[in-house]
>>> print(open('structure_17.csv').read())   # CSV, N, CA and C atoms
chain,number,residue,atom,x,y,z
A,22,MET,N,-169.0,78.9,-26.2
A,22,MET,CA,-168.7,79.2,-24.8
A,22,MET,C,-168.0,80.6,-24.8
A,23,ARG,N,-168.5,81.5,-24.0
A,23,ARG,CA,-167.9,82.8,-23.8
A,23,ARG,C,-166.5,82.7,-23.3
A,24,LEU,N,-165.7,83.7,-23.7
A,24,LEU,CA,-164.3,83.8,-23.2
A,24,LEU,C,-164.2,83.7,-21.7
A,25,THR,N,-165.0,84.4,-21.0
A,25,THR,CA,-165.0,84.4,-19.6
A,25,THR,C,-165.2,83.0,-19.0
A,26,GLU,N,-166.2,82.3,-19.6
A,26,GLU,CA,-166.5,80.9,-19.1
A,26,GLU,C,-165.4,80.0,-19.4
A,27,ALA,N,-164.8,80.2,-20.6
A,27,ALA,CA,-163.6,79.4,-20.9
A,27,ALA,C,-162.4,79.6,-20.0
A,28,LEU,N,-162.2,80.8,-19.6
A,28,LEU,CA,-161.2,81.1,-18.6
A,28,LEU,C,-161.5,80.5,-17.2
A,29,PHE,N,-162.7,80.6,-16.8
A,29,PHE,CA,-163.1,80.0,-15.5
A,29,PHE,C,-162.9,78.5,-15.6
A,30,ALA,N,-163.3,77.9,-16.7
A,30,ALA,CA,-163.1,76.4,-16.8
A,30,ALA,C,-161.7,76.0,-16.8
A,31,TYR,N,-160.8,76.8,-17.5
A,31,TYR,CA,-159.4,76.6,-17.5
A,31,TYR,C,-158.8,76.7,-16.1
A,32,ALA,N,-159.2,77.7,-15.3
A,32,ALA,CA,-158.7,77.9,-14.0
A,32,ALA,C,-159.2,76.7,-13.1
A,33,GLU,N,-160.4,76.3,-13.3
A,33,GLU,CA,-160.9,75.1,-12.5
A,33,GLU,C,-160.1,73.9,-12.8
A,34,ASN,N,-159.9,73.6,-14.1
A,34,ASN,CA,-159.2,72.4,-14.5
A,34,ASN,C,-157.7,72.4,-14.2
A,35,THR,N,-157.1,73.6,-14.3
A,35,THR,CA,-155.7,73.7,-14.1
A,35,THR,C,-155.2,73.9,-12.7
A,36,TYR,N,-155.9,74.8,-12.0
A,36,TYR,CA,-155.5,75.2,-10.7
A,36,TYR,C,-156.5,74.8,-9.6
A,37,GLY,N,-157.6,74.2,-9.9
A,37,GLY,CA,-158.6,73.8,-9.0
A,37,GLY,C,-159.3,75.0,-8.3
A,38,VAL,N,-159.4,76.1,-8.9
A,38,VAL,CA,-160.0,77.3,-8.3
A,38,VAL,C,-161.2,77.7,-9.1
A,39,SER,N,-162.2,78.2,-8.4
A,39,SER,CA,-163.4,78.7,-9.0
A,39,SER,C,-163.5,80.2,-8.7
A,40,PRO,N,-164.2,81.0,-9.5
A,40,PRO,CA,-164.2,82.4,-9.2
A,40,PRO,C,-165.0,82.7,-8.0
A,41,ASP,N,-164.6,83.7,-7.3
A,41,ASP,CA,-165.4,84.2,-6.2
A,41,ASP,C,-165.7,85.7,-6.5
A,42,TYR,N,-166.8,86.1,-5.9
A,42,TYR,CA,-167.4,87.5,-6.2
A,42,TYR,C,-167.4,88.3,-4.9
A,43,PRO,N,-166.3,88.9,-4.5
A,43,PRO,CA,-166.2,89.5,-3.2
A,43,PRO,C,-166.7,90.9,-3.1
A,44,PHE,N,-167.2,91.5,-4.2
A,44,PHE,CA,-167.6,92.9,-4.1
A,44,PHE,C,-169.1,93.1,-4.1
A,45,SER,N,-169.6,93.5,-3.0
A,45,SER,CA,-171.1,93.7,-2.9
A,45,SER,C,-171.6,94.8,-3.8
A,46,THR,N,-170.7,95.8,-4.1
A,46,THR,CA,-171.1,96.9,-4.9
A,46,THR,C,-170.9,96.6,-6.4
A,47,ALA,N,-170.2,95.5,-6.7
A,47,ALA,CA,-170.0,95.1,-8.1
A,47,ALA,C,-170.1,93.6,-8.2
A,48,PRO,N,-171.3,93.1,-8.1
A,48,PRO,CA,-171.5,91.6,-7.9
A,48,PRO,C,-171.1,90.8,-9.2
A,49,THR,N,-170.8,91.4,-10.3
A,49,THR,CA,-170.4,90.7,-11.5
A,49,THR,C,-168.9,90.6,-11.6
A,50,TYR,N,-168.2,91.3,-10.7
A,50,TYR,CA,-166.7,91.3,-10.8
A,50,TYR,C,-166.2,90.0,-10.1
A,51,ALA,N,-165.4,89.2,-10.8
A,51,ALA,CA,-165.0,87.9,-10.3
A,51,ALA,C,-163.4,87.9,-10.0
A,52,VAL,N,-163.0,87.2,-9.0
A,52,VAL,CA,-161.6,87.1,-8.6
A,52,VAL,C,-161.2,85.6,-8.7
A,53,LEU,N,-160.1,85.4,-9.2
A,53,LEU,CA,-159.5,84.0,-9.1
A,53,LEU,C,-158.3,84.2,-8.2
A,54,ARG,N,-158.3,83.3,-7.2
A,54,ARG,CA,-157.3,83.4,-6.1
A,54,ARG,C,-156.6,82.0,-5.9
A,55,HIS,N,-155.4,82.1,-5.4
A,55,HIS,CA,-154.7,80.9,-5.0
A,55,HIS,C,-155.4,80.3,-3.8
A,56,LEU,N,-155.5,79.0,-3.7
A,56,LEU,CA,-156.2,78.4,-2.6
A,56,LEU,C,-155.4,78.6,-1.3
A,57,SER,N,-154.1,78.6,-1.4
A,57,SER,CA,-153.2,78.6,-0.1
A,57,SER,C,-153.1,80.0,0.5
A,58,ASN,N,-152.8,81.0,-0.3
A,58,ASN,CA,-152.5,82.3,0.2
A,58,ASN,C,-153.6,83.3,-0.1
A,59,ARG,N,-154.6,82.9,-0.8
A,59,ARG,CA,-155.8,83.7,-1.2
A,59,ARG,C,-155.4,85.0,-2.0
A,60,LYS,N,-154.2,85.0,-2.5
A,60,LYS,CA,-153.8,86.1,-3.4
A,60,LYS,C,-154.5,86.0,-4.7
A,61,TRP,N,-154.9,87.2,-5.3
A,61,TRP,CA,-155.5,87.2,-6.6
A,61,TRP,C,-154.5,86.9,-7.6
A,62,PHE,N,-154.9,86.2,-8.7
A,62,PHE,CA,-154.0,86.1,-9.9
A,62,PHE,C,-154.8,86.6,-11.1
A,63,ALA,N,-156.1,86.8,-10.9
A,63,ALA,CA,-156.9,87.3,-12.0
A,63,ALA,C,-158.1,88.1,-11.4
A,64,LEU,N,-158.5,89.1,-12.1
A,64,LEU,CA,-159.7,89.9,-11.8
A,64,LEU,C,-160.5,90.1,-13.1
A,65,LEU,N,-161.7,89.7,-13.1
A,65,LEU,CA,-162.5,89.9,-14.3
A,65,LEU,C,-163.6,90.9,-14.0
A,66,MET,N,-163.8,91.9,-14.8
A,66,MET,CA,-164.7,93.0,-14.6
A,66,MET,C,-165.4,93.4,-15.9
A,67,ASP,N,-166.5,94.1,-15.8
A,67,ASP,CA,-167.1,94.7,-17.0
A,67,ASP,C,-167.1,96.2,-16.7
A,68,VAL,N,-166.5,97.0,-17.5
A,68,VAL,CA,-166.4,98.5,-17.3
A,68,VAL,C,-166.7,99.2,-18.5
A,69,PRO,N,-167.2,100.5,-18.4
A,69,PRO,CA,-167.4,101.3,-19.6
A,69,PRO,C,-166.1,101.5,-20.4
A,70,ARG,N,-166.2,101.4,-21.7
A,70,ARG,CA,-165.0,101.5,-22.5
A,70,ARG,C,-164.3,102.8,-22.3
A,71,SER,N,-165.0,103.9,-21.9
A,71,SER,CA,-164.4,105.2,-21.7
A,71,SER,C,-163.4,105.2,-20.5
A,72,ARG,N,-163.7,104.3,-19.6
A,72,ARG,CA,-162.8,104.3,-18.4
A,72,ARG,C,-161.4,103.6,-18.7
A,73,LEU,N,-161.4,103.0,-19.9
A,73,LEU,CA,-160.1,102.4,-20.4
A,73,LEU,C,-159.4,103.3,-21.4
A,74,GLY,N,-160.0,104.5,-21.6
A,74,GLY,CA,-159.4,105.4,-22.6
A,74,GLY,C,-159.9,105.0,-24.0
A,75,LEU,N,-160.9,104.2,-24.2
A,75,LEU,CA,-161.5,103.8,-25.4
A,75,LEU,C,-162.8,104.6,-25.8
A,76,GLU,N,-163.1,104.6,-27.0
A,76,GLU,CA,-164.3,105.3,-27.4
A,76,GLU,C,-165.6,104.5,-27.0
A,77,GLY,N,-166.6,105.2,-26.6
A,77,GLY,CA,-167.9,104.6,-26.3
A,77,GLY,C,-168.1,104.5,-24.8
A,78,GLU,N,-169.4,104.3,-24.5
A,78,GLU,CA,-169.8,104.1,-23.1
A,78,GLU,C,-170.2,102.7,-22.8
A,79,GLU,N,-170.4,101.9,-23.8
A,79,GLU,CA,-170.9,100.5,-23.5
A,79,GLU,C,-169.8,99.8,-22.7
A,80,LYS,N,-170.3,98.8,-21.9
A,80,LYS,CA,-169.4,98.1,-21.1
A,80,LYS,C,-168.7,97.0,-21.9
A,81,VAL,N,-167.5,96.7,-21.5
A,81,VAL,CA,-166.7,95.7,-22.1
A,81,VAL,C,-166.1,94.8,-20.9
A,82,GLU,N,-166.0,93.5,-21.2
A,82,GLU,CA,-165.4,92.7,-20.2
A,82,GLU,C,-163.9,92.8,-20.3
A,83,ILE,N,-163.2,92.8,-19.1
A,83,ILE,CA,-161.8,92.9,-19.1
A,83,ILE,C,-161.2,91.9,-18.1
A,84,LEU,N,-159.9,91.5,-18.3
A,84,LEU,CA,-159.2,90.7,-17.4
A,84,LEU,C,-158.0,91.4,-16.9
A,85,ASN,N,-157.8,91.5,-15.6
A,85,ASN,CA,-156.5,92.0,-15.1
A,85,ASN,C,-155.7,90.8,-14.6
A,86,LEU,N,-154.4,90.8,-15.0
A,86,LEU,CA,-153.5,89.8,-14.7
A,86,LEU,C,-152.2,90.4,-14.2
A,87,LYS,N,-151.5,89.7,-13.2
A,87,LYS,CA,-150.2,90.1,-12.8
A,87,LYS,C,-149.3,89.8,-14.0
A,88,CYS,N,-148.3,90.7,-14.2
A,88,CYS,CA,-147.5,90.5,-15.4
A,88,CYS,C,-146.1,91.1,-15.2
A,89,ASP,N,-145.1,90.6,-15.8
A,89,ASP,CA,-143.8,91.2,-15.8
A,89,ASP,C,-143.9,92.5,-16.4
A,90,PRO,N,-143.3,93.6,-15.8
A,90,PRO,CA,-143.4,94.9,-16.4
A,90,PRO,C,-142.9,95.0,-17.8
A,91,ILE,N,-141.8,94.4,-18.1
A,91,ILE,CA,-141.2,94.5,-19.5
A,91,ILE,C,-142.2,93.8,-20.5
A,92,LEU,N,-142.7,92.6,-20.2
A,92,LEU,CA,-143.6,91.9,-21.0
A,92,LEU,C,-144.9,92.8,-21.2
A,93,SER,N,-145.4,93.3,-20.1
A,93,SER,CA,-146.6,94.1,-20.1
A,93,SER,C,-146.4,95.3,-21.0
A,94,GLY,N,-145.2,96.0,-20.9
A,94,GLY,CA,-145.0,97.1,-21.8
A,94,GLY,C,-145.0,96.8,-23.3
A,95,SER,N,-144.5,95.6,-23.6
A,95,SER,CA,-144.5,95.3,-25.0
A,95,SER,C,-145.9,94.8,-25.5
A,96,LEU,N,-146.6,94.1,-24.6
A,96,LEU,CA,-147.9,93.7,-25.0
A,96,LEU,C,-148.9,94.9,-25.2
A,97,ARG,N,-148.7,95.9,-24.4
A,97,ARG,CA,-149.6,97.1,-24.5
A,97,ARG,C,-149.4,97.8,-25.9
A,98,LEU,N,-148.4,97.4,-26.7
A,98,LEU,CA,-148.3,98.0,-28.0
A,98,LEU,C,-149.2,97.3,-29.0
A,99,GLN,N,-149.9,96.2,-28.6
A,99,GLN,CA,-150.7,95.4,-29.4
A,99,GLN,C,-152.2,95.7,-29.1
A,100,ASP,N,-153.1,95.6,-30.0
A,100,ASP,CA,-154.5,95.7,-29.8
A,100,ASP,C,-155.0,94.7,-28.7
A,101,GLY,N,-155.9,95.2,-27.8
A,101,GLY,CA,-156.5,94.4,-26.8
A,101,GLY,C,-155.8,94.4,-25.5
A,102,TYR,N,-154.6,94.9,-25.4
A,102,TYR,CA,-153.8,95.0,-24.2
A,102,TYR,C,-153.7,96.4,-23.7
A,103,LEU,N,-154.0,96.7,-22.5
A,103,LEU,CA,-154.0,98.0,-21.9
A,103,LEU,C,-153.3,98.1,-20.6
A,104,PRO,N,-152.9,99.3,-20.2
A,104,PRO,CA,-152.4,99.5,-18.8
A,104,PRO,C,-153.5,99.0,-17.8
A,105,ALA,N,-153.1,98.4,-16.8
A,105,ALA,CA,-154.0,97.8,-15.8
A,105,ALA,C,-155.1,98.8,-15.3
A,106,TYR,N,-156.3,98.4,-15.4
A,106,TYR,CA,-157.4,99.2,-14.9
A,106,TYR,C,-157.5,99.0,-13.4
A,107,HIS,N,-157.4,100.0,-12.6
A,107,HIS,CA,-157.6,100.0,-11.2
A,107,HIS,C,-156.5,99.2,-10.4
A,108,MET,N,-155.4,99.0,-11.1
A,108,MET,CA,-154.3,98.2,-10.4
A,108,MET,C,-153.0,98.9,-10.7
A,109,ASN,N,-151.9,98.5,-10.1
A,109,ASN,CA,-150.6,99.0,-10.4
A,109,ASN,C,-150.3,98.8,-11.9
A,110,HIS,N,-150.0,99.9,-12.6
A,110,HIS,CA,-149.8,99.8,-14.0
A,110,HIS,C,-148.5,99.1,-14.4
A,111,ASP,N,-147.5,99.0,-13.5
A,111,ASP,CA,-146.3,98.3,-13.8
A,111,ASP,C,-146.4,96.8,-13.6
A,112,GLY,N,-147.1,96.4,-12.6
A,112,GLY,CA,-147.2,95.0,-12.2
A,112,GLY,C,-148.4,94.3,-12.8
A,113,TRP,N,-149.4,95.0,-13.3
A,113,TRP,CA,-150.6,94.3,-13.8
A,113,TRP,C,-150.9,94.8,-15.2
A,114,LEU,N,-151.7,94.0,-15.9
A,114,LEU,CA,-152.0,94.2,-17.3
A,114,LEU,C,-153.5,94.0,-17.5
A,115,THR,N,-154.2,94.8,-18.3
A,115,THR,CA,-155.6,94.6,-18.6
A,115,THR,C,-155.7,94.0,-20.0
A,116,ILE,N,-156.5,93.0,-20.2
A,116,ILE,CA,-156.8,92.4,-21.5
A,116,ILE,C,-158.3,92.5,-21.8
A,117,LEU,N,-158.6,93.1,-23.0
A,117,LEU,CA,-160.0,93.1,-23.4
A,117,LEU,C,-160.5,91.7,-23.7
A,118,LEU,N,-161.7,91.4,-23.2
A,118,LEU,CA,-162.3,90.1,-23.5
A,118,LEU,C,-163.4,90.2,-24.5
A,119,ASP,N,-163.1,91.0,-25.5
A,119,ASP,CA,-164.1,91.2,-26.6
A,119,ASP,C,-163.8,90.5,-27.9
A,120,GLY,N,-162.8,89.6,-27.8
A,120,GLY,CA,-162.4,88.8,-28.9
A,120,GLY,C,-161.2,89.3,-29.6
A,121,THR,N,-160.7,90.5,-29.2
A,121,THR,CA,-159.5,91.1,-29.8
A,121,THR,C,-158.3,90.2,-29.5
A,122,VAL,N,-158.2,89.7,-28.3
A,122,VAL,CA,-157.1,88.8,-27.9
A,122,VAL,C,-157.7,87.4,-27.8
A,123,PRO,N,-157.2,86.4,-28.6
A,123,PRO,CA,-157.7,85.1,-28.5
A,123,PRO,C,-157.4,84.3,-27.2
A,124,PHE,N,-158.2,83.4,-26.9
A,124,PHE,CA,-158.1,82.6,-25.7
A,124,PHE,C,-156.7,82.0,-25.6
A,125,GLU,N,-156.1,81.5,-26.7
A,125,GLU,CA,-154.8,80.8,-26.8
A,125,GLU,C,-153.7,81.8,-26.4
A,126,GLU,N,-153.9,83.1,-26.6
A,126,GLU,CA,-152.9,84.1,-26.1
A,126,GLU,C,-153.0,84.4,-24.7
A,127,ILE,N,-154.2,84.3,-24.2
A,127,ILE,CA,-154.5,84.7,-22.8
A,127,ILE,C,-154.0,83.6,-21.8
A,128,VAL,N,-154.2,82.4,-22.2
A,128,VAL,CA,-153.9,81.3,-21.2
A,128,VAL,C,-152.4,81.3,-20.7
A,129,PRO,N,-151.4,81.5,-21.6
A,129,PRO,CA,-150.0,81.6,-21.0
A,129,PRO,C,-149.9,82.8,-20.0
A,130,LEU,N,-150.6,83.9,-20.3
A,130,LEU,CA,-150.5,85.1,-19.4
A,130,LEU,C,-151.2,84.8,-18.1
A,131,LEU,N,-152.3,84.0,-18.1
A,131,LEU,CA,-153.0,83.6,-16.9
A,131,LEU,C,-152.0,82.7,-16.1
A,132,ASP,N,-151.4,81.8,-16.8
A,132,ASP,CA,-150.4,80.9,-16.1
A,132,ASP,C,-149.3,81.7,-15.5
A,133,LEU,N,-148.8,82.7,-16.2
A,133,LEU,CA,-147.7,83.6,-15.7
A,133,LEU,C,-148.2,84.3,-14.4
A,134,SER,N,-149.4,84.8,-14.5
A,134,SER,CA,-150.0,85.6,-13.3
A,134,SER,C,-150.1,84.6,-12.1
A,135,TYR,N,-150.5,83.4,-12.4
A,135,TYR,CA,-150.6,82.4,-11.3
A,135,TYR,C,-149.2,82.2,-10.7
A,136,GLU,N,-148.2,82.0,-11.5
A,136,GLU,CA,-146.8,81.8,-11.0
A,136,GLU,C,-146.3,83.0,-10.2
A,137,LEU,N,-146.6,84.2,-10.7
A,137,LEU,CA,-146.1,85.4,-10.1
A,137,LEU,C,-146.7,85.7,-8.7
A,138,THR,N,-147.9,85.1,-8.5
A,138,THR,CA,-148.6,85.4,-7.3
A,138,THR,C,-148.6,84.2,-6.3
A,139,LYS,N,-148.0,83.1,-6.7
A,139,LYS,CA,-148.1,81.9,-5.8
A,139,LYS,C,-147.2,82.2,-4.6
A,140,PRO,N,-147.5,81.4,-3.5
A,140,PRO,CA,-146.7,81.6,-2.3
A,140,PRO,C,-145.2,81.3,-2.5
A,141,LYS,N,-144.4,82.1,-1.9
A,141,LYS,CA,-143.0,82.0,-2.0
A,141,LYS,C,-142.5,81.0,-1.0
A,142,LEU,N,-141.6,80.1,-1.4
A,142,LEU,CA,-141.0,79.2,-0.4
A,142,LEU,C,-140.0,79.9,0.5
A,143,GLY,N,-140.1,79.6,1.7
A,143,GLY,CA,-139.2,80.2,2.7
A,143,GLY,C,-137.9,79.5,2.6
A,144,ARG,N,-136.9,80.1,3.2
A,144,ARG,CA,-135.5,79.6,3.2
A,144,ARG,C,-135.5,78.1,3.7
A,145,LYS,N,-136.2,77.8,4.8
A,145,LYS,CA,-136.1,76.5,5.4
A,145,LYS,C,-136.8,75.5,4.5
A,146,ARG,N,-137.9,75.9,3.9
A,146,ARG,CA,-138.6,74.9,3.0
A,146,ARG,C,-137.8,74.6,1.8
A,147,ARG,N,-137.2,75.7,1.2
A,147,ARG,CA,-136.4,75.5,0.0
A,147,ARG,C,-135.2,74.5,0.2
A,148,SER,N,-134.6,74.6,1.4
A,148,SER,CA,-133.4,73.8,1.7
A,148,SER,C,-133.7,72.4,2.0
A,149,LYS,N,-134.9,72.0,2.3
A,149,LYS,CA,-135.3,70.7,2.6
A,149,LYS,C,-135.5,69.8,1.4
A,150,GLY,N,-135.5,70.4,0.2
A,150,GLY,CA,-135.4,69.7,-1.0
A,150,GLY,C,-136.6,69.2,-1.6
>>> encode(input="structure_17.csv", output="structure tokens")
Amino acid sequence: MRLTEALFAYAENTYGVSPDYPFSTAPTYAVLRHLSNRKWFALLMDVPRSRLGLEGEEKVEILNLKCDPILSGSLRLQDGYLPAYHMNHDGWLTILLDGTVPFEEIVPLLDLSYELTKPKLGRKRRSKG
């Protein structure tokens, strides 16, 4: 199973969400969203390596996730983790899906992204217990 398919299966089994493909100009780009607030918690794309500051023009699959800026900064010191492509560099992280980063390392980051983008409980809802 490709890494992308494994991530989609995990999202379906864990959060009950399937990818949607909202971009008519980039029909292969997939978004994973919360069911309640429709906020993205993951964006999967294939982009030329050169757009990521890497050598070569061949396309590579990437995953953008919401991430704590301090964690993101430390992860970017490792192979396979990059500043977010096409997103806020402080709040998002790009992960290469070329096998550099194993699925087992990506899953906790997907979980974190889901948590960081989930709906916030309002003051009234929080106090009702």
>>> select_by_dssp(input="structure_17.csv", residues="segment 25-150 of chain A", states="helix (DSSP H, G or I)", output="PyMOL selection string")
chain A and resi 25-36+70-73+90-96+124-138+144-148
>>> atom_distance(input="structure_17.csv", atom1="atom N of Ile127 of chain A", atom2="atom N of Lys80 of chain A")
21.8 Å
>>> atom_distance(input="structure_17.csv", atom1="atom CA of Leu84 of chain A", atom2="atom CA of Ala51 of chain A")
9.6 Å
>>> residues_around(input="structure_17.csv", residues="Gly74 of chain A", least_positions_apart="5", cutoff="10 Å", atoms="only C-alpha atoms", output="NGL selection string")
:A and (69 or 103-104)
>>> atom_distance(input="structure_17.csv", atom1="atom C of Leu24 of chain A", atom2="atom CA of Pro90 of chain A")
24.2 Å
>>> select_by_dssp(input="structure_17.csv", residues="chain A", states="strand (DSSP E)", output="list of chain:residue names")
A:Ala51, A:Val52, A:Leu53, A:Arg54, A:Trp61, A:Phe62, A:Ala63, A:Leu64, A:Leu65, A:Met66, A:Asp67, A:Val68, A:Pro69, A:Lys80, A:Val81, A:Glu82, A:Ile83, A:Leu84, A:Asn85, A:Leu86, A:Lys87, A:Tyr102, A:Leu103, A:Pro104, A:Trp113, A:Leu114, A:Thr115, A:Ile116, A:Leu117
>>> residues_near_point(input="structure_17.csv", point="(-151.6, 94.3, -17.1)", cutoff="7 Å", atoms="only C-alpha atoms", output="number ranges by chain")
A: 85-88, 93, 103-105, 110, 112-115
>>> closest_residue(input="structure_17.csv", among="A:Thr25, A:Ala32, A:Leu142, A:Tyr135", to="Asp89 of chain A", atoms="only C-alpha atoms")
A:Tyr135
>>> closest_residue(input="structure_17.csv", among="A:Leu92, A:Gln99, A:Glu82, A:Thr49", to="Ser134 of chain A", atoms="only C-alpha atoms")
A:Leu92
>>> decode(input="structure_17.csv", residues="segment 85-100 of chain A", atoms="N, CA and C atoms", output="JSON list (two decimals), in the first residue's frame")
[["chain", "number", "residue", "atom", "x", "y", "z"],
["A", 85, "ASN", "N", 1.16, 18.32, 3.91],
["A", 85, "ASN", "CA", 1.21, 19.50, 4.76],
["A", 85, "ASN", "C", 0.33, 19.26, 5.97],
["A", 86, "LEU", "N", 0.88, 19.51, 7.16],
["A", 86, "LEU", "CA", 0.15, 19.34, 8.40],
["A", 86, "LEU", "C", 0.30, 20.56, 9.28],
["A", 87, "LYS", "N", -0.73, 20.89, 10.03],
["A", 87, "LYS", "CA", -0.66, 21.92, 11.05],
["A", 87, "LYS", "C", 0.28, 21.39, 12.14],
["A", 88, "CYS", "N", 1.15, 22.26, 12.65],
["A", 88, "CYS", "CA", 2.15, 21.78, 13.61],
["A", 88, "CYS", "C", 2.54, 22.90, 14.55],
["A", 89, "ASP", "N", 2.88, 22.54, 15.77],
["A", 89, "ASP", "CA", 3.42, 23.49, 16.72],
["A", 89, "ASP", "C", 4.72, 24.07, 16.15],
["A", 90, "PRO", "N", 4.90, 25.38, 16.16],
["A", 90, "PRO", "CA", 6.09, 25.99, 15.57],
["A", 90, "PRO", "C", 7.41, 25.48, 16.15],
["A", 91, "ILE", "N", 7.47, 25.22, 17.44],
["A", 91, "ILE", "CA", 8.72, 24.73, 18.04],
["A", 91, "ILE", "C", 9.01, 23.31, 17.56],
["A", 92, "LEU", "N", 8.01, 22.46, 17.55],
["A", 92, "LEU", "CA", 8.18, 21.10, 17.06],
["A", 92, "LEU", "C", 8.56, 21.12, 15.58],
["A", 93, "SER", "N", 7.86, 21.94, 14.81],
["A", 93, "SER", "CA", 8.14, 22.05, 13.39],
["A", 93, "SER", "C", 9.59, 22.45, 13.14],
["A", 94, "GLY", "N", 10.07, 23.42, 13.91],
["A", 94, "GLY", "CA", 11.45, 23.87, 13.75],
["A", 94, "GLY", "C", 12.45, 22.77, 14.01],
["A", 95, "SER", "N", 12.21, 21.96, 15.02],
["A", 95, "SER", "CA", 13.15, 20.87, 15.30],
["A", 95, "SER", "C", 13.04, 19.74, 14.27],
["A", 96, "LEU", "N", 11.83, 19.46, 13.81],
["A", 96, "LEU", "CA", 11.66, 18.41, 12.81],
["A", 96, "LEU", "C", 12.35, 18.77, 11.49],
["A", 97, "ARG", "N", 12.31, 20.06, 11.15],
["A", 97, "ARG", "CA", 12.91, 20.49, 9.88],
["A", 97, "ARG", "C", 14.41, 20.30, 9.85],
["A", 98, "LEU", "N", 15.02, 19.96, 10.97],
["A", 98, "LEU", "CA", 16.45, 19.65, 11.00],
["A", 98, "LEU", "C", 16.71, 18.22, 10.53],
["A", 99, "GLN", "N", 15.64, 17.45, 10.37],
["A", 99, "GLN", "CA", 15.76, 16.05, 9.96],
["A", 99, "GLN", "C", 15.39, 15.89, 8.48],
["A", 100, "ASP", "N", 15.92, 14.86, 7.86],
["A", 100, "ASP", "CA", 15.58, 14.57, 6.47],
["A", 100, "ASP", "C", 14.10, 14.28, 6.34]]
